[in-house]
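Let me begin by presenting the structure, written as structure tokens, before commenting on it.
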Protein chains: 2
Amino acid sequence: MPAKDVPDIVVSRLPLYLRALSFLAEEGLQVISSKELGHKLGISPAQIRKDLSHFGEFGKQGTGYNIQYLRDQLRRILKVTEEREVALVGAGDLGRALMHYGGFSGRGFRISLVFDNNPQKVGQKMGPFEILDSGSIETIVADRGIEIAIVAVPAEAAQEVVDALVRAGVKAILNYAPITVKVPEGVHVQYIDPVIHLQRMTYYL
Amino acid sequence: MPAKDVPDIVVSRLPLYLRALSFLAEEGLQVISSKELGHKLGISPAQIRKDLSHFGEFGKQGTGYNIQYLRDQLRRILKVTEEREVALVGAGDLGRALMHYGGFSGRGFRISLVFDNNPQKVGQKMGPFEILDSGSIETIVADRGIEIAIVAVPAEAAQEVVDALVRAGVKAILNYAPITVKVPEGVHVQYIDPVIHLQRMTYYL
């Protein structure tokens with residue numbers, strides 16, 4: 001189903017739809033119109049209908065979307081119907097915070113390996129995990145067939161870590177380090193940059 | 001200048017332009033076309049031109065944008081020409097990681113107060129800061145006239161913290177807790193949700 005020609009910008013909105021629909025389903029709602037959904041998300045109803053039309057017919061004119069059905073379809077489209085293993089690199093403050101983060105559960109991801117390059121940390125426990133040496137990323141991540149990684153290391157270490165992850169076969173990297181990293185074609189990187197979000201608000205101050 | 005009728009979605013892209021232009025300026029580049037900028041950002045050149053046209057004329061047909069000039073204008077539009085004080089709530093792992101984060105500097109923000117509700121942490125030092133009691137958010141943040149806050153507390157504590165920040169006069173809140181919070185009209189909230197970014201990549205796996 002992932003039609004090759006769906007624009008990235010459309011794909012980037014699907015997780016927002018999924019999050020809103022999951023929330024509505026938990027609240028016990030059954031149906032929502034594109035207008036109501038658009039109002040919640042600050043996205044025009046026409047845009048929502050157009051985005052979803054890339055993947056099929058999900059609502060009937062005038063009756064709105066079945067929330068659970070559309071949620072399940074979006075999970076399938078985004079390939080998060082089951083939990084995927086994630087390798088976490090960086091057992092510092094941020095790594096520990098991510099390990100305890102309550103937002104992964106039920107949304108398609110589970111941290112299952114933790115790496116750090118600090119010899120004093122390697123072999124120690126962090127939550128349920130033994131911290132592994134970053135030098136073994138290439139072999140261990142490849143052996144486990146893990147395709148997703150989170151990079152929570154300082155800026156100066158990020159590129160080296162990303163290179164090792166790429167050699168291990170990782171295809172999707174979420175980078176918290178405040179630096180743009182280089183990856184080969186076919187590897188996806190997303191950035192967590194709190195300043196982008198802060199600047200989206202200062203405009204209105 | 002912030003024209004009242006600029007759509008939120010346009011405003012949300014300005015920080016991405018600013019980040020890219022700042023990076024290009026650091027690299028020593030002087031001029032960039034909307035086509036090149038669009039290619040870097042995965043946004044169409046027409047969209048970039050249209051977004052910027054809300055705020056004035058920044059480029060000449062065929063010659064591209066002056067990078068430093070456009071960067072400075074975007075800083076002005078986003079009101080980040082000077083550093084703004086930020087109150088951080090939550091002195092846990094994530095709070096510590098944010099305090100050490102290297103990405104705020106020079107981009108308009110400086111954490112200047114840290115709060116926590118744990119009596120064992122209150123009065124302790126975290127980096128250069130003495131951790132303050134969350135119970136004093138309302139008075140201290142108001143006294144300092146701080147308008148921006150970062151919430152790095154567990155989900156179950158987030159709404160209460162947000163309520164106190166709002167009473168203190170905070171107008172922009174960056175929320176890391178995996179929960180949607182309620183705020184009155186005129187207060188802005190942005191969410192850091194790593195799952196949204198991960199799901200943007202699993203589509204392609």
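By convention here, the chains of the structure tokens are called A, B, ... in the order presented, each chain's residues are numbered starting at 1, and ligands are numbered starting at 1 in the order presented.
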Give me, as a tab-separated table, the closest atom pair and its distance (Å, one decimal) for every residue of chain B within a cut-off of 8 Å of chain A, counting only C-alpha atoms, rows sorted by chain and rising number.
residue	atom	partner	partner_atom	distance
B:Pro2	CA	A:Tyr203	CA	7.4
B:Asp8	CA	A:Gly42	CA	7.5
B:Ile9	CA	A:Gly42	CA	7.7
B:Val11	CA	A:Arg200	CA	6.4
B:Ser12	CA	A:Arg200	CA	5.4
B:Leu14	CA	A:Arg200	CA	7.7
B:Pro15	CA	A:Ile196	CA	5.4
B:Leu16	CA	A:Ile196	CA	6.8
B:Gly42	CA	A:Asp8	CA	7.5
B:Ile43	CA	A:Ile9	CA	7.8
B:Ile77	CA	A:Tyr203	CA	6.6
B:Leu78	CA	A:Tyr203	CA	4.4
B:Lys79	CA	A:Tyr203	CA	6.0
B:Val80	CA	A:Thr202	CA	7.3
B:Gly92	CA	A:Ala97	CA	7.9
B:Asp93	CA	A:Asp93	CA	4.6
B:Leu94	CA	A:Ala97	CA	5.2
B:Arg96	CA	A:Asp93	CA	6.3
B:Ala97	CA	A:Asp93	CA	5.2
B:Gly102	CA	A:Pro178	CA	6.8
B:Gly103	CA	A:Pro178	CA	5.4
B:Phe104	CA	A:Val195	CA	6.4
B:Arg107	CA	A:Val195	CA	7.2
B:Phe109	CA	A:Val195	CA	7.9
B:Lys171	CA	A:Leu205	CA	7.2
B:Ala172	CA	A:Met201	CA	5.9
B:Ile173	CA	A:Leu198	CA	7.9
B:Leu174	CA	A:Leu198	CA	6.7
B:Pro178	CA	A:Gly103	CA	5.4
B:His188	CA	A:Met201	CA	6.3
B:Val189	CA	A:Met201	CA	7.7
B:Gln190	CA	A:His197	CA	6.1
B:Tyr191	CA	A:His197	CA	7.7
B:Ile192	CA	A:Pro194	CA	7.3
B:Asp193	CA	A:Gly103	CA	7.8
B:Pro194	CA	A:Ile192	CA	7.3
B:Val195	CA	A:Phe104	CA	6.4
B:Ile196	CA	A:Pro15	CA	5.4
B:His197	CA	A:Gln190	CA	6.1
B:Leu198	CA	A:Leu174	CA	6.7
B:Gln199	CA	A:Pro15	CA	6.1
B:Arg200	CA	A:Ser12	CA	5.4
B:Met201	CA	A:Ala172	CA	5.9
B:Thr202	CA	A:Leu78	CA	5.9
B:Tyr203	CA	A:Leu78	CA	4.4
B:Tyr204	CA	A:Pro2	CA	7.9
B:Leu205	CA	A:Lys171	CA	7.2
Legend entry - Backbone DSSP call of strand (DSSP E) for segment 64-120 of chain B, listed as a list in words: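 Everything in segment 64-120 of chain B that counts as strand (DSSP E) is Gly64, Tyr65, Asn66, Arg84, Glu85, Val86, Ala87, Leu88, Val89, Phe109, Arg110, Ile111, Ser112, Leu113, Val114, Phe115 and Asp116 of chain B.
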Legend entry - All residues 12 Å or closer to Ile146 of chain A, only C-alpha atoms, same chain fewer than 3 positions away omitted, as an MDAnalysis selection string: (chainID A and resid 83:88 109:113 137:143 149:150 165:173) or (chainID B and resid 205)
Legend entry - Neighbour list for Asn117 of chain A as a list in words, cut-off 9 Å, only C-alpha atoms, skip fewer than 4 positions in-chain: Val89, Gly90, Ala91, Lys121, Val122, Leu132, Asp133, Ser134 and Gly135 of chain A
What's the 6 Å shell around segment 27-32 of chain B, counting only C-alpha atoms, without same-chain residues fewer than 4 positions away, as an mmCIF file with C-alpha atoms, in the first residue's frame?
data_model
loop_
_atom_site.group_PDB
_atom_site.id
_atom_site.type_symbol
_atom_site.label_atom_id
_atom_site.label_comp_id
_atom_site.auth_asym_id
_atom_site.auth_seq_id
_atom_site.Cartn_x
_atom_site.Cartn_y
_atom_site.Cartn_z
ATOM 1 C CA GLY B 64 17.782 34.120 -4.698
ATOM 2 C CA TYR B 65 17.798 35.139 -1.071
ATOM 3 C CA ASN B 66 20.600 36.903 0.775
ATOM 4 C CA ILE B 67 21.142 34.323 3.503
#
Legend entry - Distance of atom CA of Phe115 of chain B from atom CA of Asp163 of chain B, expressed in Å to one decimal place: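 Computing the Euclidean distance for atom CA of Asp163 of chain B and atom CA of Phe115 of chain B yields 14.3 Å.
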Inset, instruction - Please indicate the distance in Å from atom CA of His54 of chain B to atom CA of Val6 of chain B, rounded to one decimal place. - result: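 Between atom CA of His54 of chain B and atom CA of Val6 of chain B the gap works out to 6.8 Å.
From atom CA of Asn118 of chain A back to atom CA of Gly127 of chain B, the distance works out to 20.9 Å.
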Legend entry - Among the residues B:Gly106, B:Gly59, B:Pro184, B:Pro45, the one that comes closest to Ser22 of chain B [using only C-alpha atoms]: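 Among the listed residues, B:Gly106 lies closest to Ser22 of chain B.
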Inset, instruction - Return as a PyMOL selection string the full set of residues in chain A whose backbone-based DSSP assignment is helix (DSSP H, G or I). - result: chain A and resi 8-26+34-41+45-53+67-77+93-99+134-144+155-167+194-202
Inset, instruction - Choose the residue, out of A:Asp5, A:Gly62, A:Ala20, A:Val183, that has the smallest atom-to-atom separation from Ala164 of chain A; count only C-alpha atoms. - result: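 Using only C-alpha atoms, the shortest distance to Ala164 of chain A belongs to A:Val183.
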